[in-house]
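Below is the file final_6.txt, which contains compact mmCIF, C-alpha atoms and all ligand atoms.
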```txt
# COMPACT_ATOMS: atom_id res chain seq x y z
CA MET A 48 -17.01 6.63 -1.75
CA LEU A 49 -14.77 5.27 -4.45
CA ASP A 50 -11.86 7.67 -4.73
CA THR A 51 -10.56 8.29 -8.21
CA GLY A 52 -8.00 10.68 -9.61
CA LEU A 53 -4.86 12.10 -8.11
CA GLY A 54 -6.54 14.50 -5.70
CA THR A 55 -6.09 12.56 -2.47
CA ILE A 56 -2.51 11.37 -2.92
CA GLN A 57 -1.47 14.84 -4.10
CA GLU A 58 -3.18 16.36 -1.07
CA ALA A 59 -1.31 13.96 1.22
CA TYR A 60 1.98 14.72 -0.54
CA ALA A 61 1.47 18.49 -0.27
CA GLN A 62 0.43 18.31 3.39
CA GLY A 63 2.99 15.80 4.67
CA TRP A 64 0.81 12.80 5.49
CA ALA A 65 0.30 9.44 3.81
CA LEU A 66 -2.52 7.24 2.64
CA ALA A 67 -2.43 3.86 4.35
CA ALA A 68 -2.77 1.22 1.63
CA PHE A 69 -3.90 -2.14 2.96
CA SER A 70 -3.64 -5.50 1.22
CA THR A 71 -6.96 -7.28 1.44
CA TYR A 72 -7.50 -11.00 1.12
CA GLY A 73 -11.27 -11.21 1.32
CA LEU A 74 -14.32 -9.97 3.13
CA GLU A 75 -13.01 -9.83 6.70
CA THR A 76 -9.83 -7.88 5.95
CA THR A 77 -11.79 -5.50 3.70
CA MET A 78 -14.47 -4.90 6.34
CA GLY A 79 -11.93 -4.34 9.11
CA VAL A 80 -9.92 -1.84 7.10
CA VAL A 81 -12.92 0.15 5.83
CA ARG A 82 -14.46 0.35 9.30
CA ALA A 83 -11.16 1.64 10.65
CA ALA A 84 -11.04 4.35 7.97
CA GLU A 85 -14.62 5.38 8.70
CA ALA A 86 -13.93 5.55 12.43
CA ALA A 87 -10.83 7.68 11.81
CA GLY A 88 -12.56 9.83 9.20
CA ALA A 89 -9.58 9.42 6.90
CA PRO A 90 -9.17 8.29 3.30
CA ILE A 91 -7.42 4.98 2.60
CA ILE A 92 -6.51 2.65 -0.24
CA LEU A 93 -7.62 -0.98 -0.56
CA GLN A 94 -5.03 -2.97 -2.47
CA ALA A 95 -6.91 -5.71 -4.17
CA GLY A 96 -3.95 -7.09 -5.89
CA SER A 97 -2.16 -9.45 -8.06
CA SER A 98 -0.73 -11.54 -5.26
CA THR A 99 -4.03 -12.09 -3.46
CA PHE A 100 -6.05 -12.74 -6.62
CA ALA A 101 -4.69 -16.28 -6.47
CA HIS A 102 -6.64 -16.85 -3.28
CA ALA A 103 -10.03 -15.24 -3.85
CA GLY A 104 -10.12 -14.88 -7.61
CA ARG A 105 -9.68 -11.60 -9.44
CA ALA A 106 -13.29 -10.79 -10.28
CA ALA A 107 -14.57 -11.61 -6.79
CA LEU A 108 -11.89 -9.65 -4.97
CA ALA A 109 -12.19 -6.65 -7.30
CA ALA A 110 -15.98 -6.58 -6.96
CA LEU A 111 -15.68 -6.77 -3.18
CA ALA A 112 -13.17 -3.94 -2.97
CA LEU A 113 -15.07 -1.71 -5.39
CA HIS A 114 -18.34 -2.32 -3.56
CA ALA A 115 -16.77 -1.63 -0.16
CA ALA A 116 -15.23 1.58 -1.51
CA GLU A 117 -18.49 2.81 -3.00
CA ALA A 118 -20.39 2.08 0.20
CA ALA A 119 -17.82 3.73 2.51
CA SER A 120 -18.45 7.09 4.14
CA VAL A 121 -14.82 8.13 3.49
CA ARG A 122 -12.75 8.22 0.30
CA VAL A 123 -11.45 4.75 -0.52
CA GLY A 124 -9.16 4.11 -3.47
CA VAL A 125 -8.95 0.64 -5.03
CA HIS A 126 -5.46 -0.18 -6.22
CA LEU A 127 -3.78 -3.07 -8.04
CA ASP A 128 -0.56 -3.91 -6.21
CA HIS A 129 2.60 -5.30 -7.90
CA SER A 130 1.66 -6.31 -11.40
CA ARG A 131 3.86 -6.94 -14.36
CA ASP A 132 1.01 -8.23 -16.48
CA LEU A 133 -0.34 -5.57 -18.86
CA GLU A 134 -3.53 -7.54 -19.46
CA GLU A 135 -4.19 -7.61 -15.74
CA ILE A 136 -3.46 -3.89 -15.53
CA ARG A 137 -5.85 -3.23 -18.40
CA TRP A 138 -8.56 -5.38 -16.82
CA CYS A 139 -8.30 -3.50 -13.51
CA ALA A 140 -8.16 -0.10 -15.22
CA GLU A 141 -11.29 -0.91 -17.19
CA SER A 142 -13.06 -2.38 -14.14
CA GLY A 143 -13.07 0.83 -12.15
CA TYR A 144 -9.85 0.67 -10.15
CA SER A 145 -8.51 4.01 -8.97
CA SER A 146 -4.85 3.19 -9.58
CA VAL A 147 -2.46 0.41 -10.50
CA MET A 148 1.13 -0.44 -9.67
CA VAL A 149 3.29 -1.67 -12.50
CA ASP A 150 6.32 -3.42 -11.06
CA GLY A 151 9.20 -3.53 -13.48
CA SER A 152 11.74 -3.21 -10.69
CA GLY A 153 13.19 -6.64 -11.43
CA LEU A 154 13.85 -5.70 -15.06
CA PRO A 155 16.81 -3.83 -16.53
CA PHE A 156 16.29 -0.03 -16.43
CA GLU A 157 15.24 0.44 -20.07
CA GLU A 158 12.85 -2.51 -19.94
CA ASN A 159 11.31 -1.20 -16.75
CA ILE A 160 10.77 2.15 -18.50
CA ALA A 161 9.21 0.48 -21.56
CA LEU A 162 6.82 -1.65 -19.48
CA THR A 163 5.91 1.26 -17.21
CA ARG A 164 5.20 3.57 -20.17
CA GLU A 165 2.73 1.02 -21.52
CA ALA A 166 0.97 0.82 -18.16
CA VAL A 167 0.81 4.62 -17.96
CA ALA A 168 -0.82 4.72 -21.41
CA ILE A 169 -3.44 2.16 -20.32
CA GLY A 170 -4.02 4.12 -17.13
CA ALA A 171 -4.36 7.44 -18.95
CA ALA A 172 -6.99 5.99 -21.29
CA ASN A 173 -9.07 4.97 -18.27
CA GLY A 174 -8.49 7.81 -15.81
CA VAL A 175 -6.35 5.59 -13.62
CA TRP A 176 -3.08 6.78 -12.09
CA VAL A 177 0.00 4.60 -12.09
CA GLU A 178 2.63 3.79 -9.48
CA GLY A 179 5.98 2.56 -10.78
CA GLU A 180 8.95 1.12 -8.92
CA LEU A 181 12.63 1.68 -9.25
CA GLY A 182 15.13 -0.17 -7.07
CA SER A 183 13.97 -3.41 -5.56
CA VAL A 184 12.27 -4.02 -2.24
CA PRO A 185 13.33 -7.49 -1.08
CA GLY A 186 11.07 -10.07 0.48
CA ASP A 187 7.82 -11.83 -0.38
CA GLU A 188 4.67 -9.72 -0.10
CA ASP A 189 2.50 -12.55 1.15
CA ARG A 190 4.81 -14.76 3.12
CA SER A 191 7.12 -12.45 4.99
CA VAL A 192 10.30 -14.22 3.99
CA VAL A 193 13.26 -12.08 3.16
CA THR A 194 15.43 -13.99 0.75
CA GLU A 195 17.49 -11.45 -1.12
CA VAL A 196 19.20 -8.13 -0.73
CA GLY A 197 17.48 -5.31 -2.59
CA GLN A 198 19.00 -2.56 -4.64
CA MET A 199 18.38 0.92 -3.27
CA THR A 200 16.79 3.57 -5.48
CA ASP A 201 19.24 6.02 -7.05
CA PRO A 202 17.88 9.62 -7.04
CA ALA A 203 19.17 10.62 -10.51
CA ARG A 204 17.87 7.42 -12.08
CA ALA A 205 14.58 7.92 -10.26
CA ARG A 206 14.21 11.36 -11.81
CA GLU A 207 14.93 10.03 -15.27
CA PHE A 208 12.49 7.17 -14.68
CA VAL A 209 9.68 9.49 -13.60
CA ASP A 210 10.32 11.94 -16.45
CA ARG A 211 10.37 9.27 -19.13
CA THR A 212 7.47 7.16 -17.88
CA GLY A 213 5.03 9.78 -16.59
CA VAL A 214 4.19 7.79 -13.45
CA SER A 215 2.15 9.63 -10.82
CA ALA A 216 3.82 7.95 -7.84
CA LEU A 217 7.06 6.08 -7.31
CA ALA A 218 7.77 3.12 -5.03
CA VAL A 219 11.28 3.35 -3.63
CA ALA A 220 13.77 1.02 -2.04
CA VAL A 221 15.48 2.73 0.88
CA GLY A 222 16.18 -0.22 3.14
CA ASN A 223 12.53 -1.27 3.45
CA VAL A 224 11.72 -4.97 3.10
CA HIS A 225 8.47 -6.80 2.37
CA GLY A 226 7.14 -8.68 5.33
CA MET A 227 8.67 -8.39 8.76
CA ALA A 228 12.43 -8.33 8.88
CA SER A 229 13.77 -10.40 11.76
CA GLU A 230 16.28 -7.68 12.53
CA PRO A 231 14.94 -4.47 11.01
CA GLN A 232 17.59 -2.08 9.73
CA PRO A 233 17.00 1.65 9.93
CA LEU A 234 15.70 3.24 6.72
CA ALA A 235 18.06 5.36 4.63
CA LEU A 236 16.23 8.61 5.41
CA GLU A 237 18.86 10.85 3.85
CA LEU A 238 18.59 8.92 0.58
CA LEU A 239 14.82 9.29 0.76
CA THR A 240 15.22 13.07 1.05
CA HIS A 241 17.44 13.11 -2.05
CA ILE A 242 14.92 11.02 -3.98
CA ARG A 243 12.08 13.34 -2.96
CA ASP A 244 14.04 16.39 -4.07
CA ALA A 245 14.92 14.76 -7.38
CA VAL A 246 11.58 13.38 -8.54
CA GLY A 247 8.76 15.72 -7.49
CA VAL A 248 6.02 13.06 -7.37
CA PRO A 249 4.55 11.32 -4.30
CA LEU A 250 6.71 8.43 -3.06
CA VAL A 251 5.41 5.05 -1.92
CA LEU A 252 6.87 2.95 0.86
CA HIS A 253 6.34 -0.80 0.56
CA GLY A 254 7.17 -3.21 3.33
CA ALA A 255 6.29 -0.81 6.12
CA SER A 256 5.05 -3.51 8.51
CA GLY A 257 7.06 -3.58 11.69
CA LEU A 258 8.65 -0.16 11.25
CA PRO A 259 8.75 1.84 14.46
CA ASP A 260 6.27 4.73 14.64
CA ASP A 261 8.96 7.42 14.69
CA GLU A 262 10.47 6.03 11.50
CA LEU A 263 7.05 6.07 9.83
CA ARG A 264 6.60 9.68 10.86
CA ALA A 265 10.04 10.52 9.48
CA VAL A 266 9.12 9.25 6.02
CA LEU A 267 6.05 11.51 5.93
CA GLU A 268 8.37 14.51 6.03
CA ARG A 269 10.27 13.11 3.08
CA GLY A 270 7.69 12.86 0.35
CA VAL A 271 6.13 9.48 1.16
CA ALA A 272 2.38 9.83 0.56
CA LYS A 273 1.35 6.15 0.38
CA VAL A 274 2.46 3.48 2.83
CA ASN A 275 1.64 -0.19 2.18
CA ILE A 276 0.55 -2.32 5.12
CA ASN A 277 0.12 -6.06 4.78
CA THR A 278 1.88 -8.35 7.27
CA GLU A 279 0.50 -6.67 10.38
CA LEU A 280 -3.10 -7.18 9.25
CA ARG A 281 -2.47 -10.83 8.51
CA ARG A 282 -0.88 -11.29 11.92
CA ALA A 283 -3.81 -9.62 13.65
CA LEU A 284 -6.37 -11.82 11.89
CA LEU A 285 -4.44 -15.02 12.54
CA GLN A 286 -3.90 -14.09 16.18
CA ALA A 287 -7.64 -13.51 16.60
CA PHE A 288 -8.32 -17.00 15.27
CA HIS A 289 -5.61 -18.42 17.51
CA ASP A 290 -7.15 -16.75 20.55
CA LEU A 291 -10.72 -17.95 19.96
CA ASP A 292 -12.28 -19.22 23.15
CA GLU A 293 -13.22 -22.81 23.70
CA GLU A 294 -16.92 -22.04 23.60
CA VAL A 295 -16.70 -20.57 20.10
CA LEU A 296 -14.75 -23.61 18.94
CA ALA A 297 -17.09 -26.06 20.65
CA LYS A 298 -20.13 -24.48 19.03
CA ALA A 299 -18.33 -24.03 15.70
CA ASP A 300 -19.53 -20.44 15.90
CA LEU A 301 -17.98 -19.28 12.65
CA ALA A 302 -19.84 -15.97 12.53
CA ARG A 303 -18.43 -15.06 15.93
CA ALA A 304 -14.92 -16.14 14.94
CA LEU A 305 -15.00 -14.08 11.76
CA ALA A 306 -16.40 -11.10 13.65
CA ASP A 307 -13.48 -11.32 16.09
CA GLY A 308 -11.14 -11.35 13.11
CA VAL A 309 -12.72 -8.22 11.67
CA VAL A 310 -12.31 -6.41 14.99
CA ALA A 311 -8.64 -7.42 15.21
CA VAL A 312 -7.95 -6.16 11.69
CA GLN A 313 -9.86 -2.96 12.41
CA GLN A 314 -7.78 -2.21 15.50
CA VAL A 315 -4.44 -2.56 13.73
CA ALA A 316 -5.64 -0.66 10.68
CA HIS A 317 -6.97 2.18 12.83
CA GLN A 318 -3.64 2.57 14.58
CA LYS A 319 -1.82 2.84 11.23
CA ILE A 320 -4.34 5.24 9.71
CA VAL A 321 -4.14 7.58 12.68
CA LEU A 322 -0.35 7.46 12.71
CA LEU A 323 0.02 8.16 8.99
CA SER A 324 -2.73 10.74 8.60
CA ARG A 325 -2.31 12.53 11.91
CA PRO A 326 -0.70 15.61 10.34
CA ALA A 327 -3.92 16.11 8.34
CA LEU A 328 -6.37 15.13 11.08
CA GLN A 329 -4.67 17.05 13.86
CA PRO A 330 -2.61 19.93 12.54
CA PRO A 331 0.05 20.87 15.10
CA ASP A 332 -0.80 23.87 17.27
CA HIS A 333 1.02 27.04 16.38
CA GLU A 334 1.95 29.27 19.25
ZN ZN B 1 5.20 -4.23 -2.28
```

Output the file's structure in the form of structure tokens.
Ligand SMILES: [Zn+2]
Amino acid sequence: MLDTGLGTIQEAYAQGWALAAFSTYGLETTMGVVRAAEAAGAPIILQAGSSTFAHAGRAALAALALHAAEAASVRVGVHLDHSRDLEEIRWCAESGYSSVMVDGSGLPFEENIALTREAVAIGAANGVWVEGELGSVPGDEDRSVVTEVGQMTDPARAREFVDRTGVSALAVAVGNVHGMASEPQPLALELLTHIRDAVGVPLVLHGASGLPDDELRAVLERGVAKVNINTELRRALLQAFHDLDEEVLAKADLARALADGVVAVQQVAHQKIVLLSRPALQPPDHE
């Protein structure tokens, strides 16, 4: 079912687990991710976003994500990822999205606050919660190229940002990069703890592809309640196409090829969902 409101992310935040938020590019990625969530019995977020609208078209991708969410047997949020365009944010908010991310992280602090406040007002008028970003996560969301060094989120500034904008969740920069870093650096977990203590809203980790499992678990204990996954799904789908057997190619069996792609996406998504939501699905035994 389409998940709206702050209930699920607040539940994750309070219980120490995170919603996996997957970037979808079309039907196959959407199907794979939703099937994984249903198999795990866990809520997820589909990010039908800004950056992938260029490929499939905004209306088509939004309709697909909203339909998949409504038809799912688990709670599925539909989220706009990385937008700086208030018209786009308004369109998504009015089209039934659960949440939107306004990304003013590349702007000076006061301009980021001004833009984010406008997005929060649009969200509030439509029952849509808003994720803001402070600090900048380097790298390209869709191409996995890290070209710049980001600025880490400052806890005191983060608190001021959240207080003045009214965002419901905050994306942070703590050494995470978009895409796959060739030589991943450890996350600044202590900084993350300070940010959590300062802001009091669920935190969002972008660029989580390629992070070791123990590092992902460590962020769950530090206020991260939404983790964005993108590169690993793309890799899985492309690998499935790469590995197609000769017979499928010879027969031009597209349905079979696409089905293989869905399965590959589903497997990777399932692994992430279980890892991130395990504290909720399997509470630790108390002796
Ligand atoms: Zn991002």

So what do you get for atom CA of A:Leu93 versus atom CA of A:Ser120, distance-wise? 14.3 Å

Could you pull out the residues sitting within 12 Å of ligand ZN 1 (chain B), using all atoms listed in the file, and write them as a PyMOL selection string? chain A and resi 68-70+94+96-98+127-130+148-152+178-191+217-220+223-226+251-256+273-278

Among A:Glu141, A:Asp292, A:Glu207, A:Glu85, A:Asn159 is approached most closely, using all atoms listed in the file, by A:Glu207

Kindly extract all protein, DNA and RNA residues lying within 12 Å of the coordinates (14.9, 12.7, -11.4) given in the file, considering all atoms listed in the file, and supply them as a count of residues only. 25

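The interatomic distance for the pair atom CA of A:Trp64 and atom CA of A:Ser215 works out to 16.7 Å.
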
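Proximity of A:Gln57, A:Gln314, A:Thr99, A:Thr51 to A:Tyr72, computed with all atoms listed in the file, is greatest for A:Thr99.
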
Radius query 12 Å about (-7.6, 3.7, -9.8), atoms used: only C-alpha atoms, as number ranges by chain: A: 49-56, 92-95, 109, 112-113, 116, 123-128, 136-148, 167, 169-178, 215

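Distance annotation: of A:Leu280, A:Ala67, A:Leu301, A:Leu258, the residue with the minimal separation from A:Gln313 is A:Leu280; atom set is only C-alpha atoms.
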
As an exercise, work out the distance from atom CA of A:Thr71 to atom CA of A:Arg325 in Å and give it to one decimal place.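 Distance between the two atoms: 22.9 Å.
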
Let me make sure I understand: among A:Ala59, A:Leu133, A:Ala235, A:Met78, which one has the smallest atom-to-atom distance to A:Val309 if we use only C-alpha atoms?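 Looking at the shortest contact to A:Val309, the residue is A:Met78.
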
Measuring atom to atom with all atoms listed in the file, identify which of A:Gly63, A:Gly79, A:Gly73, A:Pro259 is nearest to A:Val310. A:Gly79

Using only C-alpha atoms, which residue out of A:Met199, A:Val80, A:Ala311, A:Ala61 lies closest to A:Gln286? A:Ala311
